[in-house]
Protein chains: 2
Amino acid sequence: MIVCCLDMEGVLTPEIWIEVAEKTKIKELRLTTRDLPDYDALMRRRLKILRENGIKLKDIRRVIAKMEPLPGARKFLDALRARQEVIVLSDTYYEFAMPLMEKLGRPALFCNWLSTDQKGFIARYHLRQKNGKEAAVRALKNIGFKVKAAGDSYNDLAMLEAADGGVLFRPPAKIARAFPRFKVTKNYPALLKALI
Amino acid sequence: MIVCCLDMEGVLTPEIWIEVAEKTKIKELRLTTRDLPDYDALMRRRLKILRENGIKLKDIRRVIAKMEPLPGARKFLDALRARQEVIVLSDTYYEFAMPLMEKLGRPALFCNWLSTDQKGFIARYHLRQKNGKEAAVRALKNIGFKVKAAGDSYNDLAMLEAADGGVLFRPPAKIARAFPRFKVTKNYPALLKALI
């Protein structure tokens, strides 16, 4: 039996931090690991910026509540889930992702979480574990599943490598060129076909 | 973050083999591991009975297609999934369970599978692994989750033991007496309260 592990942002939903940056008009929140490769440094910077601008978790959740999954994502996911098990593996946080998951029909999601201080500012982020996507794929293989995985970015490559089959969805050209062993798909029908 | 692992039959749906026994009027299909403790012997017997009575996988699926989840199960599951991740851990087979999972809003399901012969009879059953429920709980704990588990029967006890918190739902009196460390719940509001 196959379990499909899907990245969330870029595959099923838009990038959350980009949307928050746009809606709050704070350009610095657009920083990604491409700009600041140390994830911990990046997250600390983000949390500092939020606090300096008086932006609390509930404000971010208000932005996210208005976000929609990528066009066609729900239909793709329904078709995939009718055929095999799906787990969304993401580096995001439950506190951010839940409204989007609801719009996607509540697929299982393995990600990270946040804690807030008494005023409602995000005080800390909690990684479930290091290299959480890759470790989840390995854990699923260990309990007897075949695993297919789909992602779009650098933080998905270890997950794609660990899976029995890895698929790229709308990746940057650089990644597609550097990892020719992963099939590249550009729309949901092609992604569905590659996964089933 | 908590993942809830739920048994399927007895917690979310009726017992499938009992329903098949009733609808096909073959009493021997009512046998359970309580009558024949060796699961492999039990399953071989079941498959033999099916073949002798000309019952193919598609006939069983027709019976299951008319089954409904237990009254209130969908509402309970929706309320639980709005709060935390849920994975259904079952000893059943995907080929049986899928129509019921659809009626339950497609929660993630880890179970086993069947293969059929050219005529459509069930030829073999495939366990994902031995002690699949317990192993899945341990795998989830290993990737950084707290795990709560709920079940109703003997085959759930190892899963309940392995979890950070185990809850019994409408168990036989014998099990409730023998395992006083597991909270006993008798309806969905109580089960929901015990899990969140």
# chains A, B, ... in the order shown; residues from 1 in each chain; ligands from 1
>>> closest_atom_pairs(of="chain B", to="chain A", cutoff="8 Å", atoms="only C-alpha atoms", output="CSV")
residue,atom,partner,partner_atom,distance
B:Met1,CA,A:Trp113,CA,7.3
B:Arg81,CA,A:Arg106,CA,7.5
B:Ala82,CA,A:Glu102,CA,7.9
B:Glu85,CA,A:Ala108,CA,6.3
B:Val86,CA,A:Ala108,CA,7.0
B:Ile87,CA,A:Ala108,CA,7.6
B:Met98,CA,A:Ala82,CA,8.0
B:Glu102,CA,A:Ala82,CA,7.9
B:Gly105,CA,A:Gly105,CA,7.6
B:Arg106,CA,A:Arg81,CA,7.5
B:Pro107,CA,A:Pro107,CA,7.0
B:Ala108,CA,A:Ala108,CA,6.2
B:Leu109,CA,A:Glu85,CA,6.9
B:Asn112,CA,A:Met1,CA,8.0
B:Trp113,CA,A:Met1,CA,7.3
B:Arg128,CA,A:Gly144,CA,5.1
B:Gln129,CA,A:Gly144,CA,5.9
B:Gly132,CA,A:Ile143,CA,7.3
B:Ala135,CA,A:Ile143,CA,6.7
B:Ala136,CA,A:Ile143,CA,6.5
B:Ala139,CA,A:Ala139,CA,5.9
B:Leu140,CA,A:Ala139,CA,7.8
B:Ile143,CA,A:Ala136,CA,6.5
B:Gly144,CA,A:Arg128,CA,5.1
B:Phe145,CA,A:Arg128,CA,7.1
>>> residues_around(residues="Ser115 in chain B", least_positions_apart="5", cutoff="7 Å", atoms="only C-alpha atoms", output="count of residues only")
4
>>> select_by_dssp(residues="range 45-151 of chain A", states="alpha helix (DSSP H)", output="PyMOL selection string")
chain A and resi 45-52+57-65+73-81+94-103+132-142
>>> closest_atom_pairs(of="range 46-155 of chain B", to="range 9-21 of chain B", cutoff="8 Å", atoms="only C-alpha atoms", output="CSV")
residue,atom,partner,partner_atom,distance
B:Ile60,CA,B:Val20,CA,6.7
B:Val63,CA,B:Val20,CA,6.5
B:Ile64,CA,B:Ile16,CA,7.2
B:Glu68,CA,B:Thr13,CA,7.0
B:Pro69,CA,B:Thr13,CA,4.3
B:Leu70,CA,B:Thr13,CA,4.9
B:Ala73,CA,B:Leu12,CA,5.3
B:Arg74,CA,B:Leu12,CA,7.9
B:Ser90,CA,B:Glu9,CA,7.6
B:Leu100,CA,B:Thr13,CA,7.6
B:Ala150,CA,B:Val11,CA,7.9
B:Gly151,CA,B:Val11,CA,6.4
B:Asp152,CA,B:Gly10,CA,6.3
>>> write_last_selection(atoms="N, CA, C and O atoms", output="PDB file, in the first residue's frame")
ATOM      1  N   ILE B  60     -18.715  -8.617  -1.194  1.00  0.00           N
ATOM      2  CA  ILE B  60     -18.499  -8.068   0.159  1.00  0.00           C
ATOM      3  C   ILE B  60     -18.532  -6.552   0.115  1.00  0.00           C
ATOM      4  O   ILE B  60     -19.123  -5.899   0.978  1.00  0.00           O
ATOM      5  N   VAL B  63     -21.982  -5.275   0.224  1.00  0.00           N
ATOM      6  CA  VAL B  63     -22.534  -5.257   1.594  1.00  0.00           C
ATOM      7  C   VAL B  63     -22.012  -4.039   2.355  1.00  0.00           C
ATOM      8  O   VAL B  63     -22.767  -3.289   2.980  1.00  0.00           O
ATOM      9  N   ILE B  64     -20.701  -3.833   2.255  1.00  0.00           N
ATOM     10  CA  ILE B  64     -20.079  -2.740   3.016  1.00  0.00           C
ATOM     11  C   ILE B  64     -20.563  -1.376   2.526  1.00  0.00           C
ATOM     12  O   ILE B  64     -20.737  -0.447   3.315  1.00  0.00           O
ATOM     13  N   GLU B  68     -23.214   1.981   7.408  1.00  0.00           N
ATOM     14  CA  GLU B  68     -23.009   3.366   7.836  1.00  0.00           C
ATOM     15  C   GLU B  68     -22.071   3.372   9.043  1.00  0.00           C
ATOM     16  O   GLU B  68     -22.029   2.406   9.802  1.00  0.00           O
ATOM     17  N   PRO B  69     -21.344   4.463   9.224  1.00  0.00           N
ATOM     18  CA  PRO B  69     -20.581   4.593  10.471  1.00  0.00           C
ATOM     19  C   PRO B  69     -21.537   4.509  11.674  1.00  0.00           C
ATOM     20  O   PRO B  69     -22.753   4.646  11.506  1.00  0.00           O
ATOM     21  N   LEU B  70     -21.024   4.287  12.864  1.00  0.00           N
ATOM     22  CA  LEU B  70     -21.864   4.286  14.063  1.00  0.00           C
ATOM     23  C   LEU B  70     -22.536   5.661  14.201  1.00  0.00           C
ATOM     24  O   LEU B  70     -21.945   6.681  13.818  1.00  0.00           O
ATOM     25  N   ALA B  73     -20.657   9.049  14.946  1.00  0.00           N
ATOM     26  CA  ALA B  73     -19.204   8.904  14.741  1.00  0.00           C
ATOM     27  C   ALA B  73     -18.643  10.047  13.898  1.00  0.00           C
ATOM     28  O   ALA B  73     -17.574  10.590  14.205  1.00  0.00           O
ATOM     29  N   ARG B  74     -19.348  10.419  12.836  1.00  0.00           N
ATOM     30  CA  ARG B  74     -18.835  11.471  11.959  1.00  0.00           C
ATOM     31  C   ARG B  74     -18.716  12.801  12.696  1.00  0.00           C
ATOM     32  O   ARG B  74     -17.725  13.523  12.566  1.00  0.00           O
ATOM     33  N   SER B  90      -6.282   0.281  12.109  1.00  0.00           N
ATOM     34  CA  SER B  90      -7.228  -0.828  12.090  1.00  0.00           C
ATOM     35  C   SER B  90      -6.585  -2.103  11.560  1.00  0.00           C
ATOM     36  O   SER B  90      -5.640  -2.066  10.772  1.00  0.00           O
ATOM     37  N   LEU B 100     -16.459   3.237   3.976  1.00  0.00           N
ATOM     38  CA  LEU B 100     -16.780   3.761   5.313  1.00  0.00           C
ATOM     39  C   LEU B 100     -15.923   4.983   5.637  1.00  0.00           C
ATOM     40  O   LEU B 100     -16.389   5.951   6.244  1.00  0.00           O
ATOM     41  N   ALA B 150      -7.436   5.282  21.284  1.00  0.00           N
ATOM     42  CA  ALA B 150      -8.716   4.783  21.775  1.00  0.00           C
ATOM     43  C   ALA B 150      -9.101   3.519  21.024  1.00  0.00           C
ATOM     44  O   ALA B 150      -8.987   3.438  19.805  1.00  0.00           O
ATOM     45  N   GLY B 151      -9.568   2.525  21.783  1.00  0.00           N
ATOM     46  CA  GLY B 151     -10.001   1.272  21.180  1.00  0.00           C
ATOM     47  C   GLY B 151     -11.001   0.584  22.083  1.00  0.00           C
ATOM     48  O   GLY B 151     -11.307   1.079  23.171  1.00  0.00           O
ATOM     49  N   ASP B 152     -11.498  -0.556  21.610  1.00  0.00           N
ATOM     50  CA  ASP B 152     -12.561  -1.218  22.371  1.00  0.00           C
ATOM     51  C   ASP B 152     -12.260  -2.672  22.692  1.00  0.00           C
ATOM     52  O   ASP B 152     -13.037  -3.308  23.409  1.00  0.00           O
TER      53      ASP B 152
END
>>> residues_around(residues="range 167-177 of chain B", least_positions_apart="2", cutoff="12 Å", atoms="only C-alpha atoms", output="short mmCIF file (atom, residue, chain, number, x, y, z; two decimals) with C-alpha atoms, in the first residue's frame")
data_model
loop_
_atom_site.label_atom_id
_atom_site.label_comp_id
_atom_site.auth_asym_id
_atom_site.auth_seq_id
_atom_site.Cartn_x
_atom_site.Cartn_y
_atom_site.Cartn_z
CA CYS B 4 -5.02 10.55 18.19
CA CYS B 5 -4.94 6.95 17.05
CA LEU B 6 -8.42 5.46 16.83
CA ASP B 7 -9.52 1.90 16.29
CA MET B 8 -12.13 1.68 13.50
CA GLU B 9 -14.55 -1.19 14.14
CA GLY B 10 -16.39 -0.71 17.42
CA VAL B 11 -15.21 2.88 17.75
CA LEU B 12 -16.24 4.49 14.45
CA VAL B 147 0.01 9.92 21.02
CA LYS B 148 -3.40 9.27 22.51
CA ALA B 149 -5.19 6.10 21.51
CA ALA B 150 -8.72 4.78 21.77
CA GLY B 151 -10.00 1.27 21.18
CA ASP B 152 -12.56 -1.22 22.37
CA SER B 153 -11.05 -4.66 22.21
CA TYR B 154 -8.20 -7.09 22.86
CA ASN B 155 -6.39 -6.19 19.65
CA ASP B 156 -6.21 -2.56 20.82
CA LEU B 157 -4.52 -3.13 24.16
CA MET B 159 -1.69 0.20 21.05
CA LEU B 160 -3.21 1.70 24.22
CA GLU B 161 -0.20 0.59 26.24
CA ALA B 162 2.26 2.07 23.75
CA ALA B 163 0.46 5.43 23.65
CA ASP B 164 1.01 8.34 26.05
CA GLY B 165 -2.65 8.01 26.99
CA PHE B 179 -7.23 -2.87 32.60
CA PRO B 180 -8.36 -0.30 35.17
CA ARG B 181 -5.56 2.08 34.12
CA PHE B 182 -7.41 2.89 30.87
CA LYS B 183 -10.26 5.34 31.24
CA VAL B 184 -13.56 3.83 30.09
CA THR B 185 -15.85 5.99 27.96
CA LYS B 186 -19.33 5.06 26.82
CA ASN B 187 -20.35 7.82 24.44
CA TYR B 188 -18.72 10.23 21.99
CA PRO B 189 -18.79 13.39 24.12
CA ALA B 190 -16.93 11.49 26.87
CA LEU B 191 -14.45 10.04 24.35
CA LEU B 192 -13.83 13.48 22.85
CA LYS B 193 -13.22 14.93 26.31
CA ALA B 194 -10.78 12.12 27.15
CA LEU B 195 -8.80 12.70 23.94
CA ILE B 196 -8.42 16.49 23.90
#
>>> atom_distance(atom1="CA of Gly54 in chain B", atom2="CA of Phe121 in chain B")
8.1 Å
>>> select_by_dssp(residues="chain A", states="strand (DSSP E)", output="number ranges by chain")
A: 2-6, 85-93, 108-116, 122-126, 146-151, 165-169, 183-185
